[in-house]
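Listing of upload_22.tsv, TSV, C-alpha atoms
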chain	number	residue	atom	x	y	z
A	24	MET	CA	-22.70	5.24	-0.46
A	25	SER	CA	-19.18	6.09	0.77
A	26	GLU	CA	-16.22	6.55	-1.55
A	27	MET	CA	-14.64	3.53	0.12
A	28	THR	CA	-17.64	1.36	-0.72
A	29	LEU	CA	-17.77	2.70	-4.29
A	30	THR	CA	-14.08	1.88	-4.68
A	31	ASP	CA	-14.65	-1.65	-3.36
A	32	THR	CA	-17.51	-2.11	-5.83
A	33	ALA	CA	-15.31	-0.97	-8.71
A	34	ILE	CA	-12.44	-3.27	-7.68
A	35	VAL	CA	-14.80	-6.25	-7.44
A	36	LYS	CA	-16.30	-5.49	-10.85
A	37	ILE	CA	-12.97	-4.92	-12.59
A	38	LEU	CA	-10.70	-7.43	-10.83
A	39	GLY	CA	-13.10	-9.85	-9.17
A	40	VAL	CA	-11.61	-9.39	-5.70
A	41	LYS	CA	-12.59	-7.50	-2.55
A	42	PRO	CA	-9.49	-6.29	-0.67
A	43	ALA	CA	-9.14	-7.14	3.00
A	44	PHE	CA	-7.03	-4.02	3.60
A	45	VAL	CA	-7.44	-0.32	2.88
A	46	ARG	CA	-4.76	2.36	2.77
A	47	PRO	CA	-6.45	5.74	3.06
A	48	PRO	CA	-5.18	8.53	0.80
A	49	TYR	CA	-2.46	10.56	2.51
A	50	GLY	CA	-2.80	8.21	5.49
A	51	SER	CA	-5.72	10.35	6.61
A	52	TYR	CA	-8.59	8.62	8.34
A	53	ASN	CA	-11.11	9.30	11.07
A	54	ALA	CA	-13.79	7.48	13.05
A	55	ALA	CA	-16.18	7.56	10.08
A	56	SER	CA	-13.69	5.90	7.73
A	57	GLN	CA	-12.84	3.34	10.42
A	58	GLU	CA	-16.55	2.55	10.73
A	59	VAL	CA	-16.95	2.13	6.96
A	60	ALA	CA	-13.87	-0.11	6.77
A	61	ALA	CA	-15.17	-2.21	9.66
A	62	ALA	CA	-18.64	-2.44	8.09
A	63	ASN	CA	-16.96	-3.63	4.88
A	64	GLY	CA	-14.94	-6.20	6.85
A	65	GLN	CA	-11.66	-4.43	6.07
A	66	SER	CA	-8.70	-3.30	8.14
A	67	ILE	CA	-7.11	0.10	7.67
A	68	VAL	CA	-3.37	-0.23	7.15
A	69	ILE	CA	-0.91	2.63	7.57
A	70	TRP	CA	2.78	2.65	6.71
A	71	ASP	CA	5.47	3.16	9.34
A	72	PHE	CA	8.14	4.41	6.92
A	73	ASP	CA	7.61	7.02	4.20
A	74	SER	CA	10.23	7.25	1.45
A	75	GLY	CA	9.34	10.92	1.00
A	76	ASP	CA	8.95	10.65	-2.76
A	77	SER	CA	5.50	12.25	-2.81
A	78	VAL	CA	6.87	15.44	-1.24
A	79	GLY	CA	9.84	15.68	-3.59
A	80	GLU	CA	12.61	14.06	-1.54
A	81	PRO	CA	15.60	13.42	-3.80
A	82	ALA	CA	16.38	9.76	-4.44
A	83	LYS	CA	19.65	10.03	-2.48
A	84	LYS	CA	17.75	11.28	0.60
A	85	SER	CA	15.25	8.41	0.35
A	86	GLU	CA	18.13	5.96	-0.03
A	87	ALA	CA	19.85	7.36	3.08
A	88	ASP	CA	16.56	7.08	4.98
A	89	TYR	CA	16.23	3.44	3.91
A	90	GLN	CA	19.80	2.76	5.00
A	91	ASN	CA	19.05	4.32	8.42
A	92	ILE	CA	15.81	2.37	9.00
A	93	ALA	CA	17.48	-0.88	7.92
A	94	ALA	CA	20.33	-0.26	10.37
A	95	LYS	CA	17.83	0.15	13.21
A	96	LYS	CA	16.43	-3.32	12.41
A	97	PRO	CA	12.80	-2.96	13.47
A	98	VAL	CA	10.89	-6.27	13.38
A	99	ASN	CA	8.69	-5.13	10.49
A	100	ILE	CA	8.85	-2.21	8.10
A	101	LEU	CA	5.76	-1.26	6.11
A	102	THR	CA	6.90	1.30	3.57
A	103	LEU	CA	5.12	3.91	1.46
A	104	ASN	CA	6.49	4.42	-2.04
A	105	HIS	CA	4.90	5.71	-5.22
A	106	GLU	CA	5.90	3.76	-8.32
A	107	THR	CA	4.56	6.63	-10.42
A	108	TYR	CA	7.77	8.52	-9.70
A	109	ASP	CA	10.54	7.41	-12.05
A	110	SER	CA	13.28	7.85	-9.43
A	111	THR	CA	11.33	5.74	-6.93
A	112	ALA	CA	10.80	2.89	-9.37
A	113	HIS	CA	14.28	2.87	-10.87
A	114	GLU	CA	16.58	4.15	-8.13
A	115	VAL	CA	15.06	4.12	-4.66
A	116	LEU	CA	13.27	0.76	-4.69
A	117	PRO	CA	16.20	-1.26	-6.09
A	118	PHE	CA	18.44	0.38	-3.48
A	119	ALA	CA	15.91	-0.23	-0.69
A	120	LEU	CA	15.42	-3.89	-1.60
A	121	ASN	CA	19.18	-4.49	-1.53
A	122	ALA	CA	19.71	-2.54	1.72
A	123	LEU	CA	16.88	-4.35	3.51
A	124	LYS	CA	17.87	-7.75	2.14
A	125	ALA	CA	21.44	-7.16	3.36
A	126	GLN	CA	20.02	-6.68	6.88
A	127	GLY	CA	18.17	-10.01	6.67
A	128	TYR	CA	14.69	-8.78	5.80
A	129	SER	CA	12.38	-10.81	3.60
A	130	PHE	CA	9.64	-9.32	1.50
A	131	VAL	CA	6.02	-10.32	1.99
A	132	THR	CA	2.58	-8.97	1.23
A	133	VAL	CA	0.74	-6.77	3.72
A	134	ALA	CA	-1.53	-9.73	4.42
A	135	GLU	CA	1.42	-11.97	5.27
A	136	CYS	CA	3.05	-9.26	7.38
A	137	LEU	CA	-0.15	-8.94	9.43
A	138	GLY	CA	-0.60	-12.69	9.82
A	139	SER	CA	-3.41	-13.16	7.30
A	140	THR	CA	-3.52	-15.90	4.71
A	141	THR	CA	-5.06	-13.81	1.93
A	142	PRO	CA	-5.19	-10.16	0.88
A	143	TYR	CA	-8.81	-10.62	-0.21
A	144	LEU	CA	-12.10	-10.94	1.61
A	145	SER	CA	-13.61	-12.56	-1.46
A	146	GLN	CA	-12.69	-13.61	-4.97
A	147	THR	CA	-15.01	-13.99	-7.93
A	148	THR	CA	-14.99	-13.65	-11.68
A	149	PRO	CA	-14.56	-10.07	-12.91
A	150	ALA	CA	-17.76	-8.58	-14.28
A	151	VAL	CA	-18.47	-7.71	-17.88
A	152	ARG	CA	-18.51	-3.95	-18.39
A	153	ASP	CA	-22.02	-2.51	-18.45
A	154	ALA	CA	-23.84	0.81	-17.94
A	155	THR	CA	-23.21	0.75	-14.16
A	156	TRP	CA	-19.48	1.32	-14.67
A	157	LYS	CA	-18.95	5.04	-14.13
A	158	CYS	CA	-16.06	7.25	-13.12
Could you write out this structure as structure tokens?
Amino acid sequence: MSEMTLTDTAIVKILGVKPAFVRPPYGSYNAASQEVAAANGQSIVIWDFDSGDSVGEPAKKSEADYQNIAAKKPVNILTLNHETYDSTAHEVLPFALNALKAQGYSFVTVAECLGSTTPYLSQTTPAVRDATWKC
């Protein structure tokens, strides 16, 4: 069973939902991962703007990059940010939201951005933890 399928199984057990979209780690994917996603009924989604936080970009650099992308006014911007970095959560994202809002952008889910009505392929009741739950 692929890691993608194992992850889907865990998400369904824990949250009771099967995501319609997959973001591969590091944005790295190949034909095999595309086949697994397709077999699972999912679409692979990749960002078109990276804040740079995962490679150590200072908050001010990320903010300048957000200002530049907002000024270019592309139709959609799908960003990559890591809320696990304190500066991203408390400096970069508040700045980015204000900069993008000032340029007339609205904020929607990936599903909405891609024209879907739901981010889930299915929804059910989360499972009760049992012996099959393993890390």
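For the pair atom CA of A:Ser139 and atom CA of A:Thr102, the interatomic distance is 18.1 Å.
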Tell me, counting all atoms listed in the file, for each residue of stretch 69-151 of chain A within 10 Å of stretch 29-51 of chain A, which pair of atoms is nearest and how far apart they are in Å to one decimal, in rows ordered by chain and increasing number, as a Markdown table.
| residue | atom | partner | partner_atom | distance |
| --- | --- | --- | --- | --- |
| A:Ile69 | CA | A:Arg46 | CA | 6.2 |
| A:Trp70 | CA | A:Gly50 | CA | 8.0 |
| A:Ser77 | CA | A:Tyr49 | CA | 9.7 |
| A:Leu103 | CA | A:Gly50 | CA | 9.9 |
| A:Val133 | CA | A:Phe44 | CA | 8.2 |
| A:Ala134 | CA | A:Phe44 | CA | 8.0 |
| A:Ser139 | CA | A:Ala43 | CA | 9.4 |
| A:Thr141 | CA | A:Ala43 | CA | 7.9 |
| A:Pro142 | CA | A:Ala43 | CA | 5.4 |
| A:Tyr143 | CA | A:Pro42 | CA | 4.4 |
| A:Leu144 | CA | A:Ala43 | CA | 5.0 |
| A:Ser145 | CA | A:Lys41 | CA | 5.3 |
| A:Gln146 | CA | A:Val40 | CA | 4.4 |
| A:Thr147 | CA | A:Gly39 | CA | 4.7 |
| A:Thr148 | CA | A:Gly39 | CA | 4.9 |
| A:Pro149 | CA | A:Gly39 | CA | 4.0 |
| A:Ala150 | CA | A:Lys36 | CA | 4.8 |
| A:Val151 | CA | A:Lys36 | CA | 7.7 |
Neighbour list for A:Leu116 as a VMD selection string, cut-off 10 Å, only C-alpha atoms, skip fewer than 2 positions in-chain:
chain A and resid 74 82 85 to 86 89 104 to 106 110 to 114 118 to 122
Keeping only C-alpha atoms, write the selected residues to a file as a PDB file, in the frame of the given file.
ATOM      1  CA  SER A  74      10.230   7.250   1.450  1.00  0.00           C
ATOM      2  CA  ALA A  82      16.380   9.760  -4.440  1.00  0.00           C
ATOM      3  CA  SER A  85      15.250   8.410   0.350  1.00  0.00           C
ATOM      4  CA  GLU A  86      18.130   5.960  -0.030  1.00  0.00           C
ATOM      5  CA  TYR A  89      16.230   3.440   3.910  1.00  0.00           C
ATOM      6  CA  ASN A 104       6.490   4.420  -2.040  1.00  0.00           C
ATOM      7  CA  HIS A 105       4.900   5.710  -5.220  1.00  0.00           C
ATOM      8  CA  GLU A 106       5.900   3.760  -8.320  1.00  0.00           C
ATOM      9  CA  SER A 110      13.280   7.850  -9.430  1.00  0.00           C
ATOM     10  CA  THR A 111      11.330   5.740  -6.930  1.00  0.00           C
ATOM     11  CA  ALA A 112      10.800   2.890  -9.370  1.00  0.00           C
ATOM     12  CA  HIS A 113      14.280   2.870 -10.870  1.00  0.00           C
ATOM     13  CA  GLU A 114      16.580   4.150  -8.130  1.00  0.00           C
ATOM     14  CA  PHE A 118      18.440   0.380  -3.480  1.00  0.00           C
ATOM     15  CA  ALA A 119      15.910  -0.230  -0.690  1.00  0.00           C
ATOM     16  CA  LEU A 120      15.420  -3.890  -1.600  1.00  0.00           C
ATOM     17  CA  ASN A 121      19.180  -4.490  -1.530  1.00  0.00           C
ATOM     18  CA  ALA A 122      19.710  -2.540   1.720  1.00  0.00           C
TER      19      ALA A 122
END
Between A:Asp71, A:Pro81, A:Thr28, A:Val131, smallest distance to A:Ser56 by all atoms listed in the file belongs to A:Thr28
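Picture a line from atom CA of A:Lys96 to atom CA of A:Ala125; it runs 11.0 Å.
You can rank A:Ala154, A:Thr107, A:Ala87, A:Val98 by their closest distance to A:Tyr128 using only C-alpha atoms, and at the top of that list sits A:Val98.
The two atoms in question, atom CA of A:Asp76 and atom CA of A:Asp109, are spaced 10.0 Å apart.
Minimum atom-to-atom distance to A:Gly79, evaluated using only C-alpha atoms, belongs to A:Tyr108 out of A:Tyr108, A:Glu135, A:Ser129, A:Leu123.
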Nearest to A:Glu58, restricted to all atoms listed in the file and choosing among A:Gly75, A:Met27, A:Glu80, A:Thr140, comes out as A:Met27
